[in-house]
Structures are given as C-alpha cells and as structure tokens.
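What's in coords07.txt: compact mmCIF, N, CA and C atoms
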# COMPACT_ATOMS: atom_id res chain seq x y z
N MET A 12 -80.37 5.38 -10.71
CA MET A 12 -80.73 3.97 -10.84
C MET A 12 -79.87 3.16 -9.86
N PRO A 13 -80.51 2.36 -9.02
CA PRO A 13 -79.75 1.58 -8.05
C PRO A 13 -78.86 0.53 -8.73
N ALA A 14 -77.66 0.40 -8.22
CA ALA A 14 -76.73 -0.61 -8.75
C ALA A 14 -77.24 -2.00 -8.37
N THR A 15 -77.02 -2.95 -9.26
CA THR A 15 -77.39 -4.34 -8.99
C THR A 15 -76.20 -5.23 -9.30
N ILE A 16 -76.19 -6.38 -8.69
CA ILE A 16 -75.11 -7.34 -8.90
C ILE A 16 -75.62 -8.42 -9.85
N ARG A 17 -74.87 -8.63 -10.91
CA ARG A 17 -75.28 -9.64 -11.89
C ARG A 17 -75.30 -11.03 -11.24
N PRO A 18 -76.11 -11.95 -11.77
CA PRO A 18 -76.25 -13.27 -11.15
C PRO A 18 -74.95 -14.07 -11.22
N ALA A 19 -74.76 -14.92 -10.23
CA ALA A 19 -73.58 -15.79 -10.18
C ALA A 19 -73.68 -16.84 -11.29
N LEU A 20 -72.53 -17.27 -11.79
CA LEU A 20 -72.49 -18.28 -12.84
C LEU A 20 -73.21 -19.56 -12.39
N LYS A 21 -72.99 -19.97 -11.16
CA LYS A 21 -73.65 -21.17 -10.64
C LYS A 21 -75.17 -21.01 -10.67
N SER A 22 -75.64 -19.82 -10.32
CA SER A 22 -77.09 -19.55 -10.36
C SER A 22 -77.61 -19.60 -11.78
N LEU A 23 -76.86 -19.00 -12.72
CA LEU A 23 -77.28 -19.03 -14.12
C LEU A 23 -77.38 -20.47 -14.62
N ARG A 24 -76.34 -21.26 -14.31
CA ARG A 24 -76.33 -22.66 -14.76
C ARG A 24 -77.54 -23.43 -14.26
N SER A 25 -77.99 -23.10 -13.05
CA SER A 25 -79.09 -23.87 -12.44
C SER A 25 -80.46 -23.47 -12.98
N LEU A 26 -80.54 -22.36 -13.69
CA LEU A 26 -81.83 -21.93 -14.25
C LEU A 26 -82.24 -22.82 -15.42
N PRO A 27 -83.54 -22.93 -15.66
CA PRO A 27 -83.98 -23.70 -16.83
C PRO A 27 -83.55 -22.99 -18.11
N THR A 28 -83.34 -23.76 -19.15
CA THR A 28 -82.94 -23.20 -20.44
C THR A 28 -84.17 -22.65 -21.15
N LEU A 29 -84.08 -21.36 -21.52
CA LEU A 29 -85.18 -20.70 -22.23
C LEU A 29 -85.10 -20.93 -23.73
N TYR A 30 -83.88 -21.05 -24.21
CA TYR A 30 -83.63 -21.25 -25.64
C TYR A 30 -82.20 -21.75 -25.76
N GLN A 31 -81.91 -22.49 -26.82
CA GLN A 31 -80.53 -22.94 -27.02
C GLN A 31 -80.12 -22.80 -28.47
N ILE A 32 -78.84 -22.58 -28.66
CA ILE A 32 -78.26 -22.52 -29.99
C ILE A 32 -77.18 -23.60 -30.04
N SER A 33 -77.35 -24.55 -30.95
CA SER A 33 -76.36 -25.61 -31.13
C SER A 33 -75.71 -25.44 -32.50
N GLU A 34 -74.40 -25.38 -32.50
CA GLU A 34 -73.63 -25.29 -33.73
C GLU A 34 -72.48 -26.28 -33.64
N CYS A 35 -71.69 -26.36 -34.70
CA CYS A 35 -70.56 -27.30 -34.68
C CYS A 35 -69.57 -26.97 -33.56
N TRP A 36 -69.53 -25.71 -33.14
CA TRP A 36 -68.60 -25.31 -32.07
C TRP A 36 -69.05 -25.76 -30.70
N GLY A 37 -70.37 -25.88 -30.50
CA GLY A 37 -70.88 -26.23 -29.18
C GLY A 37 -72.31 -25.75 -29.00
N LYS A 38 -72.70 -25.53 -27.73
CA LYS A 38 -74.07 -25.16 -27.43
C LYS A 38 -74.09 -24.02 -26.41
N LEU A 39 -74.88 -22.99 -26.74
CA LEU A 39 -75.14 -21.89 -25.83
C LEU A 39 -76.58 -22.00 -25.38
N GLU A 40 -76.81 -21.78 -24.07
CA GLU A 40 -78.16 -21.85 -23.53
C GLU A 40 -78.53 -20.49 -22.94
N LEU A 41 -79.68 -19.98 -23.37
CA LEU A 41 -80.20 -18.74 -22.79
C LEU A 41 -80.79 -19.10 -21.44
N LYS A 42 -80.21 -18.52 -20.39
CA LYS A 42 -80.62 -18.87 -19.04
C LYS A 42 -81.46 -17.80 -18.36
N LEU A 43 -81.26 -16.55 -18.77
CA LEU A 43 -81.99 -15.46 -18.12
C LEU A 43 -82.17 -14.34 -19.12
N GLU A 44 -83.39 -13.80 -19.16
CA GLU A 44 -83.67 -12.65 -20.01
C GLU A 44 -84.42 -11.62 -19.17
N THR A 45 -83.85 -10.42 -19.09
CA THR A 45 -84.53 -9.31 -18.43
C THR A 45 -85.08 -8.39 -19.51
N THR A 46 -85.59 -7.25 -19.13
CA THR A 46 -86.16 -6.34 -20.12
C THR A 46 -85.11 -5.83 -21.09
N ASP A 47 -83.84 -5.80 -20.68
CA ASP A 47 -82.81 -5.24 -21.56
C ASP A 47 -81.55 -6.08 -21.71
N THR A 48 -81.50 -7.25 -21.06
CA THR A 48 -80.28 -8.06 -21.07
C THR A 48 -80.60 -9.54 -21.19
N ARG A 49 -79.79 -10.24 -21.99
CA ARG A 49 -79.86 -11.69 -22.09
C ARG A 49 -78.55 -12.28 -21.62
N TYR A 50 -78.64 -13.37 -20.85
CA TYR A 50 -77.47 -14.07 -20.32
C TYR A 50 -77.45 -15.49 -20.88
N TRP A 51 -76.42 -15.79 -21.67
CA TRP A 51 -76.23 -17.10 -22.28
C TRP A 51 -75.05 -17.78 -21.59
N VAL A 52 -75.17 -19.08 -21.33
CA VAL A 52 -74.07 -19.86 -20.77
C VAL A 52 -73.70 -20.94 -21.78
N THR A 53 -72.41 -21.07 -22.03
CA THR A 53 -71.93 -22.12 -22.93
C THR A 53 -71.87 -23.43 -22.14
N THR A 54 -72.67 -24.39 -22.56
CA THR A 54 -72.74 -25.67 -21.85
C THR A 54 -71.99 -26.78 -22.56
N GLU A 55 -71.73 -26.60 -23.85
CA GLU A 55 -70.93 -27.55 -24.62
C GLU A 55 -70.03 -26.75 -25.54
N GLY A 56 -68.81 -27.23 -25.71
CA GLY A 56 -67.87 -26.54 -26.58
C GLY A 56 -66.44 -26.92 -26.23
N VAL A 57 -65.53 -26.01 -26.50
CA VAL A 57 -64.12 -26.29 -26.20
C VAL A 57 -63.87 -26.02 -24.72
N PRO A 58 -62.93 -26.77 -24.10
CA PRO A 58 -62.69 -26.62 -22.67
C PRO A 58 -61.92 -25.35 -22.30
N GLN A 59 -61.22 -24.76 -23.26
CA GLN A 59 -60.45 -23.54 -22.98
C GLN A 59 -60.31 -22.74 -24.27
N LYS A 60 -59.87 -21.49 -24.12
CA LYS A 60 -59.71 -20.65 -25.31
C LYS A 60 -58.72 -21.29 -26.27
N THR A 61 -59.07 -21.26 -27.55
CA THR A 61 -58.18 -21.76 -28.61
C THR A 61 -58.19 -20.74 -29.74
N ASN A 62 -57.24 -20.86 -30.63
CA ASN A 62 -57.16 -19.92 -31.74
C ASN A 62 -58.25 -20.14 -32.78
N GLY A 63 -58.84 -21.33 -32.85
CA GLY A 63 -59.80 -21.61 -33.90
C GLY A 63 -61.26 -21.41 -33.54
N ALA A 64 -61.61 -21.55 -32.27
CA ALA A 64 -63.02 -21.50 -31.86
C ALA A 64 -63.42 -20.10 -31.42
N PRO A 65 -64.66 -19.72 -31.72
CA PRO A 65 -65.16 -18.44 -31.21
C PRO A 65 -65.14 -18.44 -29.68
N ILE A 66 -64.82 -17.30 -29.10
CA ILE A 66 -64.65 -17.22 -27.64
C ILE A 66 -65.91 -17.58 -26.88
N ASN A 67 -67.08 -17.31 -27.45
CA ASN A 67 -68.30 -17.61 -26.71
C ASN A 67 -68.66 -19.10 -26.76
N TYR A 68 -67.81 -19.92 -27.35
CA TYR A 68 -68.02 -21.37 -27.34
C TYR A 68 -67.04 -22.10 -26.42
N VAL A 69 -66.51 -21.37 -25.44
CA VAL A 69 -65.69 -22.00 -24.39
C VAL A 69 -66.65 -22.34 -23.24
N VAL A 70 -66.60 -23.58 -22.79
CA VAL A 70 -67.52 -24.06 -21.75
C VAL A 70 -67.44 -23.17 -20.50
N ASP A 71 -68.59 -22.83 -19.98
CA ASP A 71 -68.80 -22.00 -18.79
C ASP A 71 -68.57 -20.51 -19.02
N TYR A 72 -68.32 -20.11 -20.24
CA TYR A 72 -68.24 -18.68 -20.52
C TYR A 72 -69.67 -18.12 -20.58
N VAL A 73 -69.81 -16.85 -20.22
CA VAL A 73 -71.10 -16.18 -20.24
C VAL A 73 -71.10 -15.14 -21.35
N THR A 74 -72.10 -15.20 -22.20
CA THR A 74 -72.27 -14.23 -23.27
C THR A 74 -73.44 -13.32 -22.89
N VAL A 75 -73.20 -12.01 -22.97
CA VAL A 75 -74.22 -11.03 -22.60
C VAL A 75 -74.65 -10.26 -23.84
N GLU A 76 -75.96 -10.19 -24.02
CA GLU A 76 -76.53 -9.38 -25.09
C GLU A 76 -77.36 -8.26 -24.45
N LYS A 77 -77.34 -7.10 -25.09
CA LYS A 77 -78.14 -5.97 -24.63
C LYS A 77 -79.14 -5.59 -25.72
N LEU A 78 -80.29 -5.12 -25.30
CA LEU A 78 -81.32 -4.68 -26.24
C LEU A 78 -80.99 -3.27 -26.70
N THR A 79 -80.94 -3.08 -28.01
CA THR A 79 -80.63 -1.76 -28.56
C THR A 79 -81.89 -0.89 -28.57
N ASP A 80 -81.71 0.39 -28.82
CA ASP A 80 -82.83 1.32 -28.92
C ASP A 80 -83.76 0.95 -30.08
N GLU A 81 -83.19 0.26 -31.08
CA GLU A 81 -83.98 -0.17 -32.23
C GLU A 81 -84.74 -1.47 -31.97
N GLY A 82 -84.52 -2.08 -30.81
CA GLY A 82 -85.24 -3.31 -30.47
C GLY A 82 -84.55 -4.59 -30.89
N HIS A 83 -83.26 -4.52 -31.22
CA HIS A 83 -82.49 -5.71 -31.61
C HIS A 83 -81.54 -6.09 -30.48
N TRP A 84 -81.24 -7.39 -30.39
CA TRP A 84 -80.27 -7.86 -29.39
C TRP A 84 -78.88 -7.75 -29.97
N ASP A 85 -77.96 -7.17 -29.19
CA ASP A 85 -76.60 -6.90 -29.64
C ASP A 85 -75.61 -7.54 -28.66
N LEU A 86 -74.67 -8.32 -29.19
CA LEU A 86 -73.64 -8.94 -28.36
C LEU A 86 -72.81 -7.83 -27.71
N LYS A 87 -72.73 -7.84 -26.38
CA LYS A 87 -71.98 -6.81 -25.66
C LYS A 87 -70.66 -7.33 -25.12
N ALA A 88 -70.65 -8.54 -24.59
CA ALA A 88 -69.41 -9.05 -23.98
C ALA A 88 -69.50 -10.55 -23.79
N VAL A 89 -68.32 -11.17 -23.73
CA VAL A 89 -68.20 -12.59 -23.40
C VAL A 89 -67.22 -12.67 -22.23
N TYR A 90 -67.62 -13.36 -21.17
CA TYR A 90 -66.84 -13.41 -19.94
C TYR A 90 -66.39 -14.83 -19.62
N SER A 91 -65.13 -14.97 -19.23
CA SER A 91 -64.67 -16.22 -18.64
C SER A 91 -65.28 -16.29 -17.23
N PRO A 92 -65.27 -17.46 -16.58
CA PRO A 92 -65.80 -17.52 -15.22
C PRO A 92 -65.12 -16.53 -14.26
N ASP A 93 -63.79 -16.40 -14.34
CA ASP A 93 -63.09 -15.45 -13.46
C ASP A 93 -63.44 -14.00 -13.81
N ALA A 94 -63.53 -13.69 -15.08
CA ALA A 94 -63.91 -12.33 -15.49
C ALA A 94 -65.34 -12.02 -15.05
N TRP A 95 -66.21 -13.04 -15.06
CA TRP A 95 -67.58 -12.85 -14.60
C TRP A 95 -67.60 -12.52 -13.11
N ARG A 96 -66.80 -13.26 -12.31
CA ARG A 96 -66.70 -12.98 -10.88
C ARG A 96 -66.14 -11.58 -10.64
N LEU A 97 -65.17 -11.19 -11.44
CA LEU A 97 -64.59 -9.85 -11.34
C LEU A 97 -65.67 -8.79 -11.60
N SER A 98 -66.47 -9.00 -12.61
CA SER A 98 -67.55 -8.06 -12.93
C SER A 98 -68.57 -7.99 -11.79
N GLN A 99 -68.85 -9.13 -11.18
CA GLN A 99 -69.74 -9.14 -10.02
C GLN A 99 -69.14 -8.30 -8.89
N GLY A 100 -67.83 -8.40 -8.73
CA GLY A 100 -67.14 -7.61 -7.71
C GLY A 100 -67.26 -6.12 -7.98
N PHE A 101 -67.12 -5.74 -9.24
CA PHE A 101 -67.28 -4.33 -9.61
C PHE A 101 -68.72 -3.88 -9.32
N ASP A 102 -69.68 -4.76 -9.62
CA ASP A 102 -71.08 -4.45 -9.31
C ASP A 102 -71.25 -4.20 -7.81
N TYR A 103 -70.63 -5.08 -7.00
CA TYR A 103 -70.73 -4.96 -5.55
C TYR A 103 -70.12 -3.64 -5.08
N CYS A 104 -69.01 -3.24 -5.67
CA CYS A 104 -68.40 -1.96 -5.32
C CYS A 104 -69.36 -0.80 -5.60
N GLN A 105 -70.08 -0.88 -6.70
CA GLN A 105 -71.05 0.17 -7.01
C GLN A 105 -72.17 0.21 -5.99
N VAL A 106 -72.63 -0.96 -5.55
CA VAL A 106 -73.66 -1.03 -4.52
C VAL A 106 -73.13 -0.39 -3.23
N LEU A 107 -71.91 -0.75 -2.84
CA LEU A 107 -71.32 -0.17 -1.63
C LEU A 107 -71.13 1.34 -1.75
N GLN A 108 -70.70 1.80 -2.92
CA GLN A 108 -70.49 3.23 -3.14
C GLN A 108 -71.80 3.99 -3.01
N GLN A 109 -72.87 3.45 -3.55
CA GLN A 109 -74.19 4.09 -3.42
C GLN A 109 -74.63 4.14 -1.97
N GLU A 110 -74.39 3.04 -1.25
CA GLU A 110 -74.75 3.00 0.17
C GLU A 110 -73.94 4.03 0.95
N LEU A 111 -72.66 4.15 0.63
CA LEU A 111 -71.79 5.11 1.29
C LEU A 111 -72.26 6.55 1.04
N MET A 112 -72.62 6.84 -0.20
CA MET A 112 -73.10 8.19 -0.52
C MET A 112 -74.38 8.51 0.26
N ALA A 113 -75.29 7.55 0.35
CA ALA A 113 -76.54 7.77 1.09
C ALA A 113 -76.27 8.00 2.57
N LEU A 114 -75.34 7.23 3.14
CA LEU A 114 -75.01 7.41 4.56
C LEU A 114 -74.34 8.76 4.81
N ARG A 115 -73.47 9.17 3.92
CA ARG A 115 -72.83 10.48 4.07
C ARG A 115 -73.85 11.61 3.95
N ASP A 116 -74.81 11.44 3.05
CA ASP A 116 -75.88 12.43 2.94
C ASP A 116 -76.66 12.52 4.25
N GLN A 117 -76.91 11.35 4.86
CA GLN A 117 -77.60 11.34 6.16
C GLN A 117 -76.79 12.09 7.21
N LEU A 118 -75.49 11.87 7.20
CA LEU A 118 -74.62 12.57 8.16
C LEU A 118 -74.66 14.08 7.96
N ASP A 119 -74.72 14.51 6.70
CA ASP A 119 -74.77 15.94 6.40
C ASP A 119 -76.05 16.58 6.95
N VAL A 120 -77.14 15.82 6.90
CA VAL A 120 -78.43 16.34 7.37
C VAL A 120 -78.51 16.28 8.89
N HIS A 121 -78.09 15.15 9.43
CA HIS A 121 -78.20 14.96 10.89
C HIS A 121 -77.09 14.01 11.36
N PHE A 122 -76.16 14.54 12.13
CA PHE A 122 -75.06 13.71 12.63
C PHE A 122 -75.58 12.73 13.68
N SER A 123 -75.10 11.47 13.55
CA SER A 123 -75.32 10.48 14.61
C SER A 123 -74.13 9.54 14.62
N TRP A 124 -73.79 9.09 15.82
CA TRP A 124 -72.66 8.17 15.95
C TRP A 124 -72.95 6.85 15.25
N GLU A 125 -74.21 6.44 15.27
CA GLU A 125 -74.60 5.18 14.62
C GLU A 125 -74.37 5.27 13.10
N THR A 126 -74.75 6.39 12.50
CA THR A 126 -74.55 6.56 11.07
C THR A 126 -73.06 6.63 10.74
N LEU A 127 -72.31 7.32 11.58
CA LEU A 127 -70.86 7.39 11.38
C LEU A 127 -70.23 6.00 11.46
N ARG A 128 -70.69 5.17 12.39
CA ARG A 128 -70.20 3.80 12.51
C ARG A 128 -70.51 3.01 11.24
N LYS A 129 -71.71 3.21 10.68
CA LYS A 129 -72.09 2.53 9.44
C LYS A 129 -71.22 3.00 8.27
N VAL A 130 -70.92 4.29 8.21
CA VAL A 130 -70.04 4.82 7.16
C VAL A 130 -68.68 4.13 7.23
N GLU A 131 -68.12 4.05 8.43
CA GLU A 131 -66.81 3.42 8.61
C GLU A 131 -66.85 1.94 8.24
N GLU A 132 -67.95 1.29 8.56
CA GLU A 132 -68.12 -0.14 8.23
C GLU A 132 -68.15 -0.34 6.71
N VAL A 133 -68.91 0.48 6.02
CA VAL A 133 -69.00 0.37 4.56
C VAL A 133 -67.67 0.73 3.91
N GLU A 134 -66.97 1.72 4.44
CA GLU A 134 -65.65 2.09 3.92
C GLU A 134 -64.68 0.92 4.04
N ARG A 135 -64.71 0.23 5.19
CA ARG A 135 -63.83 -0.96 5.37
C ARG A 135 -64.19 -2.06 4.38
N GLU A 136 -65.48 -2.30 4.21
CA GLU A 136 -65.93 -3.34 3.27
C GLU A 136 -65.50 -2.99 1.85
N LEU A 137 -65.62 -1.73 1.49
CA LEU A 137 -65.22 -1.28 0.16
C LEU A 137 -63.71 -1.45 -0.04
N GLN A 138 -62.95 -1.12 0.98
CA GLN A 138 -61.49 -1.27 0.90
C GLN A 138 -61.11 -2.75 0.76
N MET A 139 -61.71 -3.62 1.54
CA MET A 139 -61.41 -5.06 1.44
C MET A 139 -61.83 -5.62 0.09
N THR A 140 -62.96 -5.16 -0.42
CA THR A 140 -63.43 -5.61 -1.72
C THR A 140 -62.48 -5.17 -2.82
N ASN A 141 -62.00 -3.94 -2.74
CA ASN A 141 -61.05 -3.44 -3.75
C ASN A 141 -59.75 -4.25 -3.74
N ILE A 142 -59.28 -4.65 -2.57
CA ILE A 142 -58.07 -5.47 -2.48
C ILE A 142 -58.32 -6.83 -3.15
N ALA A 143 -59.47 -7.43 -2.85
CA ALA A 143 -59.80 -8.74 -3.45
C ALA A 143 -59.95 -8.61 -4.97
N LEU A 144 -60.53 -7.52 -5.42
CA LEU A 144 -60.69 -7.31 -6.86
C LEU A 144 -59.36 -7.09 -7.56
N ALA A 145 -58.43 -6.43 -6.90
CA ALA A 145 -57.10 -6.24 -7.49
C ALA A 145 -56.42 -7.60 -7.68
N ASP A 146 -56.55 -8.48 -6.70
CA ASP A 146 -55.97 -9.82 -6.82
C ASP A 146 -56.62 -10.61 -7.95
N LEU A 147 -57.96 -10.59 -7.99
CA LEU A 147 -58.68 -11.32 -9.04
C LEU A 147 -58.40 -10.72 -10.42
N SER A 148 -58.28 -9.41 -10.48
CA SER A 148 -57.98 -8.74 -11.75
C SER A 148 -56.62 -9.18 -12.28
N ALA A 149 -55.63 -9.27 -11.40
CA ALA A 149 -54.30 -9.74 -11.81
C ALA A 149 -54.37 -11.17 -12.32
N LYS A 150 -55.18 -12.00 -11.67
CA LYS A 150 -55.35 -13.40 -12.07
C LYS A 150 -55.99 -13.48 -13.46
N VAL A 151 -57.05 -12.69 -13.69
CA VAL A 151 -57.72 -12.68 -14.98
C VAL A 151 -56.76 -12.18 -16.06
N LYS A 152 -56.03 -11.12 -15.75
CA LYS A 152 -55.09 -10.55 -16.73
C LYS A 152 -54.00 -11.56 -17.10
N SER A 153 -53.46 -12.26 -16.11
CA SER A 153 -52.40 -13.22 -16.39
C SER A 153 -52.91 -14.38 -17.25
N ARG A 154 -54.15 -14.79 -17.02
CA ARG A 154 -54.74 -15.87 -17.84
C ARG A 154 -55.00 -15.42 -19.26
N ASN A 155 -55.36 -14.14 -19.42
CA ASN A 155 -55.61 -13.61 -20.76
C ASN A 155 -54.32 -13.47 -21.56
N LEU A 156 -53.20 -13.26 -20.87
CA LEU A 156 -51.92 -13.12 -21.55
C LEU A 156 -51.32 -14.48 -21.91
N ALA A 157 -51.77 -15.52 -21.22
CA ALA A 157 -51.23 -16.86 -21.46
C ALA A 157 -51.73 -17.45 -22.75

structure tokens encoding of this file:
Amino acid sequence: MPATIRPALKSLRSLPTLYQISECWGKLELKLETTDTRYWVTTEGVPQKTNGAPINYVVDYVTVEKLTDEGHWDLKAVYSPDAWRLSQGFDYCQVLQQELMALRDQLDVHFSWETLRKVEEVERELQMTNIALADLSAKVKSRNLA
C-alpha cells in the first residue's frame, strides 16, 4: 500500500464542516472523512492543555478516528498542531523510503547513472527530513513535559 501524507492542519481548517459536536468544553468539527478515517478539528475550547479539560477540546488539536472491523468509529489519537506536523513528517519519510526502495530495485535490474543520481538525491532528502524531525520531536517532547 503506497504511503500517503496526512492533510495539513491549515488545509483541514479550510474544509467545510461535515458535522459538529458542541459541548460545554468546546466544539469539534468533522472536516474530512475517508473510507476508514475521520479528522476532527477543535475550533472552540481551551487555548492550551489543562488538567480539567479533555485533551481533544484544546483549540487546533486534531482528533483522529478509525473505522473498526465491526463498522464503528474508534478514537485513535489526539494531536497538538506540532505533533500533527511531526506525524506528517513521519508520513513523508515513509513516502521517501518507498521511493528509495523502488529506485534501488531499478538499479538491481538495470544500472544507470541517472537512477543512481536519483537514489542519492532521495537519500539526502531523507537525511535532511530526519534531522528536521529530530528537532521537531524534541520540541514536541519538551512541550508535553511542561
């Protein structure tokens, strides 16, 4: 199955609201539904994590639900904006890794300097992405500890 990159938070926010849930804590808006995943964005709620409010009621947090084998929607994760960007970065690494594997397979079948150049290019991109993800990961971790 080809790797895909989850939508950007800004893109999700700009989508029309398919459904909304309003409670005393705030409001979650369903922005995107695929065959197996729902993406909710908190548009009203608390401005930052607090001890009293549910985590999915922090403004700009993304709540992800997955469809179970039984046909029910199940809460899978709640992401802060930085954690969401980090997850997008991991998605991008998977896309690059798949591209790298395909290029190496091409090299195994038929060597070409052009394919080798592409392999080196993707390897550099993957290395730079991993460095950026390490920095963002440290940022997310430090915020979670605060």

Sphere at (-65.9, -24.5, -22.8), radius 7 Å, counting all atoms listed in the file: residues as a list in words: Thr53, Thr54, Glu55, Gly56, Val57, Pro58, Gln59, Lys60, Tyr68, Val69, Val70, Asp71 and Tyr72 of chain A

Calculate, to one decimal in Å, the centre and edge lengths of the box along x, y and z of the file that holds all listed atoms of range 38-57 of chain A with 8 Å of margin on each side, and present them as AutoDock Vina command-line options.
--center_x -75.0 --center_y -16.4 --center_z -22.9 --size_x 38.3 --size_y 38.3 --size_z 25.6

d(atom N of Val75 in chain A, atom C of Glu44 in chain A) in Å: 11.9 Å

Selection as a list of chain:residue names: residues within 7 Å of (-76.5, -25.0, -24.6), counting only N, CA and C atoms: A:Tyr30, A:Gln31, A:Ile32, A:Ser33, A:Gly37, A:Lys38, A:Leu39, A:Glu40, A:Leu41, A:Val52, A:Thr53, A:Thr54, A:Glu55

Running DSSP on the backbone, which parts of range 59-140 of chain A land in alpha helix (DSSP H), as a short mmCIF file (atom, residue, chain, number, x, y, z; two decimals) with N, CA and C atoms, keeping the file's coordinate frame?
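What ended up in result-v6.cif:
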data_model
loop_
_atom_site.label_atom_id
_atom_site.label_comp_id
_atom_site.auth_asym_id
_atom_site.auth_seq_id
_atom_site.Cartn_x
_atom_site.Cartn_y
_atom_site.Cartn_z
N PRO A 92 -65.27 -17.46 -16.58
CA PRO A 92 -65.80 -17.52 -15.22
C PRO A 92 -65.12 -16.53 -14.26
N ASP A 93 -63.79 -16.40 -14.34
CA ASP A 93 -63.09 -15.45 -13.46
C ASP A 93 -63.44 -14.00 -13.81
N ALA A 94 -63.53 -13.69 -15.08
CA ALA A 94 -63.91 -12.33 -15.49
C ALA A 94 -65.34 -12.02 -15.05
N TRP A 95 -66.21 -13.04 -15.06
CA TRP A 95 -67.58 -12.85 -14.60
C TRP A 95 -67.60 -12.52 -13.11
N ARG A 96 -66.80 -13.26 -12.31
CA ARG A 96 -66.70 -12.98 -10.88
C ARG A 96 -66.14 -11.58 -10.64
N LEU A 97 -65.17 -11.19 -11.44
CA LEU A 97 -64.59 -9.85 -11.34
C LEU A 97 -65.67 -8.79 -11.60
N SER A 98 -66.47 -9.00 -12.61
CA SER A 98 -67.55 -8.06 -12.93
C SER A 98 -68.57 -7.99 -11.79
N GLN A 99 -68.85 -9.13 -11.18
CA GLN A 99 -69.74 -9.14 -10.02
C GLN A 99 -69.14 -8.30 -8.89
N GLY A 100 -67.83 -8.40 -8.73
CA GLY A 100 -67.14 -7.61 -7.71
C GLY A 100 -67.26 -6.12 -7.98
N PHE A 101 -67.12 -5.74 -9.24
CA PHE A 101 -67.28 -4.33 -9.61
C PHE A 101 -68.72 -3.88 -9.32
N ASP A 102 -69.68 -4.76 -9.62
CA ASP A 102 -71.08 -4.45 -9.31
C ASP A 102 -71.25 -4.20 -7.81
N TYR A 103 -70.63 -5.08 -7.00
CA TYR A 103 -70.73 -4.96 -5.55
C TYR A 103 -70.12 -3.64 -5.08
N CYS A 104 -69.01 -3.24 -5.67
CA CYS A 104 -68.40 -1.96 -5.32
C CYS A 104 -69.36 -0.80 -5.60
N GLN A 105 -70.08 -0.88 -6.70
CA GLN A 105 -71.05 0.17 -7.01
C GLN A 105 -72.17 0.21 -5.99
N VAL A 106 -72.63 -0.96 -5.55
CA VAL A 106 -73.66 -1.03 -4.52
C VAL A 106 -73.13 -0.39 -3.23
N LEU A 107 -71.91 -0.75 -2.84
CA LEU A 107 -71.32 -0.17 -1.63
C LEU A 107 -71.13 1.34 -1.75
N GLN A 108 -70.70 1.80 -2.92
CA GLN A 108 -70.49 3.23 -3.14
C GLN A 108 -71.80 3.99 -3.01
N GLN A 109 -72.87 3.45 -3.55
CA GLN A 109 -74.19 4.09 -3.42
C GLN A 109 -74.63 4.14 -1.97
N GLU A 110 -74.39 3.04 -1.25
CA GLU A 110 -74.75 3.00 0.17
C GLU A 110 -73.94 4.03 0.95
N LEU A 111 -72.66 4.15 0.63
CA LEU A 111 -71.79 5.11 1.29
C LEU A 111 -72.26 6.55 1.04
N MET A 112 -72.62 6.84 -0.20
CA MET A 112 -73.10 8.19 -0.52
C MET A 112 -74.38 8.51 0.26
N ALA A 113 -75.29 7.55 0.35
CA ALA A 113 -76.54 7.77 1.09
C ALA A 113 -76.27 8.00 2.57
N LEU A 114 -75.34 7.23 3.14
CA LEU A 114 -75.01 7.41 4.56
C LEU A 114 -74.34 8.76 4.81
N ARG A 115 -73.47 9.17 3.92
CA ARG A 115 -72.83 10.48 4.07
C ARG A 115 -73.85 11.61 3.95
N ASP A 116 -74.81 11.44 3.05
CA ASP A 116 -75.88 12.43 2.94
C ASP A 116 -76.66 12.52 4.25
N GLN A 117 -76.91 11.35 4.86
CA GLN A 117 -77.60 11.34 6.16
C GLN A 117 -76.79 12.09 7.21
N LEU A 118 -75.49 11.87 7.20
CA LEU A 118 -74.62 12.57 8.16
C LEU A 118 -74.66 14.08 7.96
N ASP A 119 -74.72 14.51 6.70
CA ASP A 119 -74.77 15.94 6.40
C ASP A 119 -76.05 16.58 6.95
N VAL A 120 -77.14 15.82 6.90
CA VAL A 120 -78.43 16.34 7.37
C VAL A 120 -78.51 16.28 8.89
N TRP A 124 -73.79 9.09 15.82
CA TRP A 124 -72.66 8.17 15.95
C TRP A 124 -72.95 6.85 15.25
N GLU A 125 -74.21 6.44 15.27
CA GLU A 125 -74.60 5.18 14.62
C GLU A 125 -74.37 5.27 13.10
N THR A 126 -74.75 6.39 12.50
CA THR A 126 -74.55 6.56 11.07
C THR A 126 -73.06 6.63 10.74
N LEU A 127 -72.31 7.32 11.58
CA LEU A 127 -70.86 7.39 11.38
C LEU A 127 -70.23 6.00 11.46
N ARG A 128 -70.69 5.17 12.39
CA ARG A 128 -70.20 3.80 12.51
C ARG A 128 -70.51 3.01 11.24
N LYS A 129 -71.71 3.21 10.68
CA LYS A 129 -72.09 2.53 9.44
C LYS A 129 -71.22 3.00 8.27
N VAL A 130 -70.92 4.29 8.21
CA VAL A 130 -70.04 4.82 7.16
C VAL A 130 -68.68 4.13 7.23
N GLU A 131 -68.12 4.05 8.43
CA GLU A 131 -66.81 3.42 8.61
C GLU A 131 -66.85 1.94 8.24
N GLU A 132 -67.95 1.29 8.56
CA GLU A 132 -68.12 -0.14 8.23
C GLU A 132 -68.15 -0.34 6.71
N VAL A 133 -68.91 0.48 6.02
CA VAL A 133 -69.00 0.37 4.56
C VAL A 133 -67.67 0.73 3.91
N GLU A 134 -66.97 1.72 4.44
CA GLU A 134 -65.65 2.09 3.92
C GLU A 134 -64.68 0.92 4.04
N ARG A 135 -64.71 0.23 5.19
CA ARG A 135 -63.83 -0.96 5.37
C ARG A 135 -64.19 -2.06 4.38
N GLU A 136 -65.48 -2.30 4.21
CA GLU A 136 -65.93 -3.34 3.27
C GLU A 136 -65.50 -2.99 1.85
N LEU A 137 -65.62 -1.73 1.49
CA LEU A 137 -65.22 -1.28 0.16
C LEU A 137 -63.71 -1.45 -0.04
N GLN A 138 -62.95 -1.12 0.98
CA GLN A 138 -61.49 -1.27 0.90
C GLN A 138 -61.11 -2.75 0.76
N MET A 139 -61.71 -3.62 1.54
CA MET A 139 -61.41 -5.06 1.44
C MET A 139 -61.83 -5.62 0.09
N THR A 140 -62.96 -5.16 -0.42
CA THR A 140 -63.43 -5.61 -1.72
C THR A 140 -62.48 -5.17 -2.82
#

One-decimal distance in Å that lies between CA of Cys104 in chain A and CA of Thr140 in chain A: 7.1 Å

From A:Gln105, A:Thr45, A:Ser22, A:Thr61, residue lying nearest Asn141 in chain A [only C-alpha atoms]: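 Between A:Gln105, A:Thr45, A:Ser22, A:Thr61, the residue approaching Asn141 in chain A most closely is A:Gln105.
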
Selected residue of minimal separation from Arg17 in chain A among A:Ser98, A:Ser91, A:Thr46, A:Thr79, counting all atoms listed in the file: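 Looking only at the distances to Arg17 in chain A, the closest residue turns out to be A:Ser98.
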
Residue among A:Leu43, A:Ala113, A:Leu127, A:Val133 lying closest to Ser25 in chain A, counting only C-alpha atoms: A:Leu43
